[in-house]
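For reference, coords.txt is printed below; it contains compact mmCIF, C-alpha atoms.
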```txt
# COMPACT_ATOMS: atom_id res chain seq x y z
CA MET N 1 -39.55 35.25 16.23
CA ALA N 2 -43.14 34.33 15.53
CA VAL N 3 -45.53 33.82 18.37
CA ILE N 4 -47.52 30.64 17.81
CA ARG N 5 -50.93 30.03 19.29
CA TRP N 6 -51.48 26.61 20.90
CA LYS N 7 -54.93 25.36 21.79
CA PRO N 8 -56.14 22.34 23.72
CA GLY N 9 -57.82 19.77 21.50
CA LEU N 10 -59.20 16.24 21.72
CA PHE N 11 -55.78 14.62 21.76
CA GLY N 12 -54.06 17.11 23.96
CA TRP N 13 -52.53 20.34 22.73
CA HIS N 14 -52.10 20.86 19.04
CA ARG N 15 -51.41 23.73 16.74
CA ASP N 16 -54.23 26.03 15.81
CA PRO N 17 -55.06 25.34 12.15
CA PHE N 18 -55.48 29.07 11.60
CA SER N 19 -51.95 29.78 12.74
CA GLU N 20 -50.76 27.19 10.19
CA MET N 21 -52.64 29.17 7.55
CA ASP N 22 -50.98 32.33 8.79
CA ARG N 23 -47.57 30.74 8.53
CA LEU N 24 -48.29 29.55 5.01
CA ARG N 25 -49.48 32.97 4.00
CA ARG N 26 -46.35 34.60 5.43
CA GLU N 27 -44.14 32.18 3.53
CA MET N 28 -45.96 32.84 0.29
CA ASP N 29 -45.59 36.56 0.91
CA SER N 30 -41.87 36.26 1.46
CA ILE N 31 -41.40 34.18 -1.69
CA TYR N 32 -43.41 36.66 -3.67
CA SER N 33 -41.57 39.69 -2.32
CA ALA N 34 -38.22 37.97 -2.92
CA LEU N 35 -39.17 37.55 -6.57
CA VAL N 36 -40.42 41.09 -6.91
CA GLU N 37 -37.34 42.55 -5.27
CA GLY N 38 -35.20 40.46 -7.55
CA ARG N 39 -33.25 38.54 -4.95
CA GLY N 40 -34.52 35.23 -6.12
CA SER N 41 -34.29 35.92 -9.81
CA VAL N 42 -33.58 33.00 -12.09
CA PRO N 43 -32.63 32.82 -15.74
CA ALA N 44 -36.17 32.06 -16.75
CA ALA N 45 -35.62 31.50 -20.44
CA GLY N 46 -32.54 29.30 -20.11
CA VAL N 47 -31.01 30.99 -23.14
CA PHE N 48 -27.77 32.95 -23.11
CA PRO N 49 -27.50 35.82 -22.39
CA ALA N 50 -29.62 36.43 -19.33
CA LEU N 51 -31.51 39.69 -19.86
CA ASN N 52 -32.90 42.41 -17.70
CA MET N 53 -35.59 44.58 -19.17
CA SER N 54 -36.83 47.82 -17.71
CA GLU N 55 -38.77 50.84 -18.85
CA ASP N 56 -39.31 54.47 -18.08
CA ASP N 57 -41.81 56.83 -19.65
CA HIS N 58 -39.90 57.16 -22.91
CA ASN N 59 -37.78 54.05 -23.45
CA LEU N 60 -37.46 50.36 -22.96
CA TYR N 61 -34.04 49.15 -21.85
CA VAL N 62 -32.70 45.69 -22.41
CA ARG N 63 -29.44 44.83 -20.68
CA ALA N 64 -27.17 41.84 -20.78
CA GLU N 65 -23.84 41.04 -19.21
CA LEU N 66 -21.45 40.10 -21.98
CA PRO N 67 -17.95 40.33 -20.53
CA GLY N 68 -15.19 39.91 -23.04
CA VAL N 69 -17.45 40.26 -26.06
CA ALA N 70 -16.21 42.95 -28.41
CA SER N 71 -18.94 45.27 -29.68
CA GLU N 72 -18.19 44.28 -33.29
CA ASN N 73 -19.13 40.72 -32.39
CA ILE N 74 -22.61 41.67 -31.21
CA ASP N 75 -25.41 41.88 -33.71
CA ILE N 76 -28.73 43.45 -32.78
CA THR N 77 -31.83 43.41 -34.94
CA THR N 78 -35.42 44.39 -34.37
CA LYS N 79 -38.07 42.59 -36.26
CA GLN N 80 -41.69 43.53 -35.74
CA ASN N 81 -41.96 43.52 -31.98
CA ASN N 82 -39.01 41.29 -31.34
CA LEU N 83 -35.46 42.08 -30.42
CA ILE N 84 -32.79 39.65 -31.53
CA ILE N 85 -29.40 39.70 -29.86
CA LYS N 86 -26.79 37.43 -31.32
CA GLY N 87 -23.08 37.25 -31.29
CA GLU N 88 -20.02 35.32 -30.42
CA ARG N 89 -17.77 35.33 -27.45
CA LYS N 90 -14.23 34.54 -28.44
CA ILE N 91 -11.51 33.59 -26.04
CA ALA N 92 -8.11 33.81 -27.65
CA ALA N 93 -5.67 30.99 -27.14
CA GLU N 94 -2.97 31.88 -24.68
CA GLY N 95 -0.20 29.97 -26.35
CA GLU N 96 0.88 26.40 -26.14
CA LYS N 97 3.29 26.82 -23.31
CA VAL N 98 0.77 27.64 -20.62
CA SER N 99 -0.76 25.19 -18.21
CA TYR N 100 -4.22 25.81 -16.81
CA HIS N 101 -5.15 25.78 -13.16
CA ARG N 102 -8.74 26.75 -13.79
CA LYS N 103 -10.84 27.23 -16.85
CA GLU N 104 -14.31 28.42 -15.99
CA ARG N 105 -14.91 30.95 -18.74
CA ASP N 106 -16.75 29.79 -21.84
CA ALA N 107 -16.56 30.80 -25.45
CA GLY N 108 -19.23 30.25 -28.06
CA ASN N 109 -22.16 31.60 -29.98
CA PHE N 110 -25.33 33.04 -28.64
CA ARG N 111 -28.61 34.04 -30.15
CA ARG N 112 -31.61 35.19 -28.24
CA ILE N 113 -34.94 36.62 -29.21
CA ILE N 114 -37.16 38.51 -26.86
CA SER N 115 -40.58 39.96 -27.54
CA LEU N 116 -41.10 43.55 -26.50
CA PRO N 117 -44.10 44.47 -24.41
CA THR N 118 -44.77 47.79 -26.15
CA PRO N 119 -44.37 49.04 -29.74
CA VAL N 120 -41.03 50.76 -30.29
CA ASP N 121 -39.61 53.18 -32.79
CA THR N 122 -37.27 50.78 -34.55
CA ASN N 123 -35.39 53.56 -36.35
CA LYS N 124 -34.12 55.05 -33.15
CA VAL N 125 -32.88 51.97 -31.33
CA THR N 126 -29.37 52.42 -29.92
CA ALA N 127 -27.02 49.97 -28.29
CA ILE N 128 -23.85 50.51 -26.32
CA CYS N 129 -21.50 48.12 -24.65
CA LYS N 130 -19.67 49.47 -21.64
CA ASN N 131 -17.42 47.42 -19.37
CA GLY N 132 -18.97 44.27 -20.73
CA VAL N 133 -22.58 45.33 -20.14
CA LEU N 134 -24.74 45.73 -23.21
CA THR N 135 -27.56 48.26 -23.02
CA VAL N 136 -30.10 48.43 -25.81
CA THR N 137 -32.30 51.52 -25.62
CA LEU N 138 -35.57 51.23 -27.51
CA PRO N 139 -37.64 54.42 -27.67
CA LYS N 140 -41.30 53.71 -27.25
CA ALA N 141 -43.54 54.44 -30.19
CA ALA N 142 -45.64 57.57 -29.77
CA GLU N 143 -48.81 55.60 -29.13
CA ALA N 144 -47.20 53.68 -26.30
CA LYS N 145 -45.99 56.70 -24.35
CA PRO N 146 -48.01 57.84 -21.40
CA ARG N 147 -50.01 60.95 -22.11
CA GLN N 148 -51.25 63.39 -19.59
CA ILE N 149 -54.87 64.28 -20.17
CA SER N 150 -55.98 67.46 -18.57
CA VAL N 151 -59.51 67.80 -17.36
CA LYS N 152 -61.15 71.02 -18.39
CA THR N 153 -63.85 72.77 -16.50
CA GLU N 154 -66.70 74.24 -18.38
CA MET H 1 -15.01 26.11 -30.64
CA ALA H 2 -17.00 28.31 -32.99
CA ASP H 3 -20.03 26.01 -33.20
CA LYS H 4 -20.48 25.86 -29.47
CA GLU H 5 -23.61 27.45 -28.07
CA LEU H 6 -23.11 29.45 -24.94
CA GLN H 7 -25.18 28.21 -22.04
CA VAL H 8 -26.73 30.52 -19.56
CA ARG H 9 -25.31 30.09 -16.10
CA GLU H 10 -26.66 31.60 -12.98
CA LYS H 11 -24.29 34.04 -11.34
CA GLN H 12 -22.79 32.47 -8.27
CA GLU H 13 -23.36 34.35 -5.10
CA LEU H 14 -20.37 34.44 -2.80
CA GLN H 15 -20.67 31.99 0.07
CA SER H 16 -18.71 33.33 2.94
CA GLU H 17 -18.64 32.58 6.60
CA ALA H 18 -18.21 36.16 7.58
CA GLU H 19 -21.05 38.55 7.08
CA HIS H 20 -20.59 41.51 4.83
CA THR H 21 -20.42 44.89 6.42
CA ARG H 22 -22.03 46.55 3.44
CA PRO H 23 -25.43 45.65 2.08
CA GLY H 24 -25.84 44.32 -1.43
CA LEU H 25 -25.15 41.14 -3.29
CA VAL H 26 -21.67 39.75 -3.85
CA PHE H 27 -20.85 37.39 -6.67
CA THR H 28 -17.86 35.23 -7.46
CA PRO H 29 -16.51 35.97 -10.92
CA MET H 30 -15.72 33.17 -13.35
CA VAL H 31 -11.97 32.90 -13.80
CA ASP H 32 -9.31 31.32 -15.95
CA ILE H 33 -5.95 30.87 -14.30
CA PHE H 34 -2.94 29.68 -16.20
CA GLU H 35 0.77 29.86 -15.82
CA SER H 36 3.79 29.88 -17.99
CA GLU H 37 7.36 29.65 -16.81
CA GLN H 38 7.53 33.36 -16.11
CA VAL H 39 4.04 34.48 -15.11
CA ILE H 40 0.73 33.44 -13.64
CA THR H 41 -2.22 35.03 -15.43
CA VAL H 42 -5.70 35.42 -13.98
CA LEU H 43 -8.63 36.33 -16.21
CA ALA H 44 -11.85 37.21 -14.42
CA ASP H 45 -15.26 38.04 -15.89
CA MET H 46 -16.55 41.07 -14.04
CA PRO H 47 -19.18 42.76 -16.19
CA GLY H 48 -19.99 46.30 -15.17
CA VAL H 49 -16.67 46.89 -13.43
CA SER H 50 -14.59 49.77 -14.77
CA SER H 51 -10.83 49.96 -14.38
CA ASP H 52 -11.30 52.27 -11.40
CA GLY H 53 -13.59 49.78 -9.71
CA VAL H 54 -11.08 46.93 -9.42
CA SER H 55 -8.96 46.43 -6.38
CA ILE H 56 -6.34 43.75 -6.10
CA ASP H 57 -4.68 42.81 -2.88
CA LEU H 58 -1.83 40.34 -2.55
CA GLN H 59 -0.68 39.55 0.93
CA ASN H 60 0.98 36.48 2.37
CA ASN H 61 0.29 34.46 -0.77
CA GLU H 62 -3.38 35.36 -0.64
CA LEU H 63 -4.73 37.14 -3.66
CA LYS H 64 -7.97 39.04 -3.30
CA ILE H 65 -9.82 40.45 -6.26
CA THR H 66 -12.72 42.83 -5.73
CA GLY H 67 -14.76 44.67 -8.34
CA GLU H 68 -17.22 47.44 -7.62
CA VAL H 69 -20.08 47.89 -10.07
CA GLU H 70 -22.12 50.89 -10.95
CA ASP H 71 -25.87 50.56 -10.93
CA GLN H 72 -27.24 49.48 -14.26
CA GLY H 73 -30.00 51.84 -15.23
CA GLY H 74 -31.48 55.02 -13.91
CA GLU H 75 -33.63 55.50 -10.87
CA LYS H 76 -36.82 56.05 -12.77
CA GLU H 77 -36.73 52.70 -14.50
CA ARG H 78 -39.16 49.97 -13.61
CA PHE H 79 -38.18 46.35 -14.07
CA LEU H 80 -40.22 44.29 -16.51
CA LEU H 81 -37.97 41.25 -16.57
CA ARG H 82 -35.10 40.37 -14.32
CA GLU H 83 -33.00 37.36 -15.11
CA TYR H 84 -29.82 38.43 -13.41
CA ASN H 85 -28.86 40.45 -10.40
CA THR H 86 -26.04 42.88 -10.09
CA GLY H 87 -23.63 43.35 -7.27
CA ARG H 88 -19.96 43.57 -6.61
CA PHE H 89 -17.54 40.77 -7.32
CA HIS H 90 -15.15 39.17 -4.92
CA ARG H 91 -12.92 36.15 -5.02
CA HIS H 92 -9.72 35.11 -3.37
CA PHE H 93 -7.05 32.58 -4.10
CA THR H 94 -4.00 31.19 -2.46
CA ILE H 95 -0.98 31.55 -4.66
CA SER H 96 1.68 28.98 -4.04
CA ASP H 97 4.45 30.62 -6.03
CA ARG H 98 6.48 33.62 -4.98
CA ILE H 99 5.28 36.65 -6.88
CA ASP H 100 7.33 39.68 -7.75
CA GLN H 101 4.90 42.23 -6.33
CA SER H 102 6.51 45.21 -8.01
CA LYS H 103 5.81 43.88 -11.49
CA ILE H 104 2.15 42.96 -11.22
CA THR H 105 0.05 44.42 -13.99
CA ALA H 106 -3.72 44.55 -14.24
CA THR H 107 -5.84 45.64 -17.17
CA MET H 108 -9.57 45.82 -17.53
CA LYS H 109 -11.20 45.48 -20.93
CA ASP H 110 -14.86 44.87 -21.79
CA GLY H 111 -15.52 43.75 -18.25
CA VAL H 112 -12.69 41.21 -18.15
CA LEU H 113 -9.80 41.63 -15.77
CA ARG H 114 -6.41 40.41 -16.89
CA LEU H 115 -4.03 40.15 -14.00
CA VAL H 116 -0.43 39.21 -14.70
CA LEU H 117 1.60 38.07 -11.75
CA PRO H 118 5.27 37.64 -12.61
CA LYS H 119 6.99 34.92 -10.66
CA ALA H 120 9.92 35.94 -8.50
CA GLU H 121 13.32 34.66 -9.54
CA LYS H 122 13.29 31.94 -6.92
CA ALA H 123 10.08 30.44 -8.18
CA LYS H 124 11.08 30.06 -11.78
CA PRO H 125 11.79 26.48 -12.69
CA LYS H 126 15.35 25.44 -12.78
CA LYS H 127 16.42 22.68 -14.96
CA ILE H 128 18.35 20.06 -13.14
CA GLU H 129 20.75 18.20 -15.23
CA VAL H 130 21.39 14.63 -14.54
CA LYS H 131 24.95 13.75 -15.03
CA ALA H 132 26.10 10.37 -15.96
CA GLY H 133 28.34 9.07 -13.22
```

Step by step, read the file and then write its structure as structure tokens.
Amino acid sequence: MAVIRWKPGLFGWHRDPFSEMDRLRREMDSIYSALVEGRGSVPAAGVFPALNMSEDDHNLYVRAELPGVASENIDITTKQNNLIIKGERKIAAEGEKVSYHRKERDAGNFRRIISLPTPVDTNKVTAICKNGVLTVTLPKAAEAKPRQISVKTE
Amino acid sequence: MADKELQVREKQELQSEAEHTRPGLVFTPMVDIFESEQVITVLADMPGVSSDGVSIDLQNNELKITGEVEDQGGEKERFLLREYNTGRFHRHFTISDRIDQSKITATMKDGVLRLVLPKAEKAKPKKIEVKAG
């Protein structure tokens, strides 16, 4: 619980304007940290599929959740500094004799382009789909990799 | 069907009255449920869940589906863009029909669970003939 300072003013007791500022700052902090920690993440682009991108020293990783999409129905291309993921999610008909209680899963096409933040070695891009999660591994081009520079003493 | 563009949908976090004992996010998977005369089939989208990670519990007509996910990505990775979160999946349903528990089959393929619940003999529809009197 926050402790709030109250001060006497002209019209009786009112809230200290500085404590209001404090409260505002705390709220902004919590919104910001929620975004950074990923709890409040939103599909920013509004295009299917939602992507997560991460990096380590050697590679960029682009991941997407594509349950029920066979790997032969996913097509990945790199063009300049863009990655294009397209494909189709097919849902087979279950026969005419079934009656549906719920139908929440969608079928259809998707096509998404995303620009990459660093140059990549397009010849060595690999993609695997495991348990419905696509991972595209893009090795960073030599010039984009971090390099340790040692300081010499003379 | 083929011309349809897939729309991005935010993963639905599980709204539950009880608190979770374990930390982490829990999502409700999208499902299709359909029945024929013999079986009820449940299809659930649970990306990242392997066949070992699924647990299915059917008790007193209540079906609980839980999927455990592995972390996507190594520890040394830094996020540059995050449009979805990961976490385990959980959903439960009330099944009105009697299910033959011994014949339930579940398969996991490409992150989609297919659960086949055969109806018990009693629950299968019986045709009632109307006789002319």

- Residues of chain H within 7 Å of chain N, using only C-alpha atoms, as number ranges by chain? H: 1-8, 10, 30-36, 45-50, 76-85, 109-112

Exercise for the section: Show me as JSON, numbers by chain the residues that reach within 8 Å of (2.4, 33.9, -14.9), counting only C-alpha atoms and using the file's own coordinates. Expected result: {"H": [34, 35, 36, 37, 38, 39, 40, 41, 116, 117, 118, 119]}

I need every residue sitting at most 12 Å from the point (3.3, 38.7, 0.4) (coordinates as in the file, all atoms listed in the file considered), written as number ranges by chain. H: 57-64, 94-102, 120

Students should find that CA of Leu113 (chain H) and CA of Ala44 (chain H) are spaced 5.1 Å

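Coordinates place CA of Thr126 (chain N) at a distance of 14.8 Å from CA of Asn82 (chain N).
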
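Reported to one decimal place, the separation of CA of Thr105 (chain H) from CA of Pro125 (chain H) is 21.5 Å.
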
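Distance check against Ala141 (chain N) using all atoms listed in the file: of N:His58, N:Arg112, N:Lys86, N:Lys79, the minimum falls on N:His58.
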
Given 6 Å of margin on each side, can you work out the centre and size in Å (one decimal) of an axis-aligned box holding every listed atom of region 94-100 of chain N, as lines of an AutoDock Vina configuration file?
```
center_x = -0.5
center_y = 28.5
center_z = -21.6
size_x = 19.5
size_y = 18.7
size_z = 21.5
```

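Checking N:Val151, N:Ala93, N:Ile128, N:Leu116 one by one against Asp75 (chain N), counting all atoms listed in the file, you find the shortest gap at N:Ile128.
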
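Using all atoms listed in the file, the shortest contact distance between Leu115 (chain H) and any of H:Leu14, H:Glu129, H:Val42, H:Leu25 is found at H:Val42.
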
Phe89 (chain H) environment, 7 Å, all atoms listed in the file, sequence neighbours closer than 5 positions dropped, as a ChimeraX atom specification | /H:26-29,46,66-68
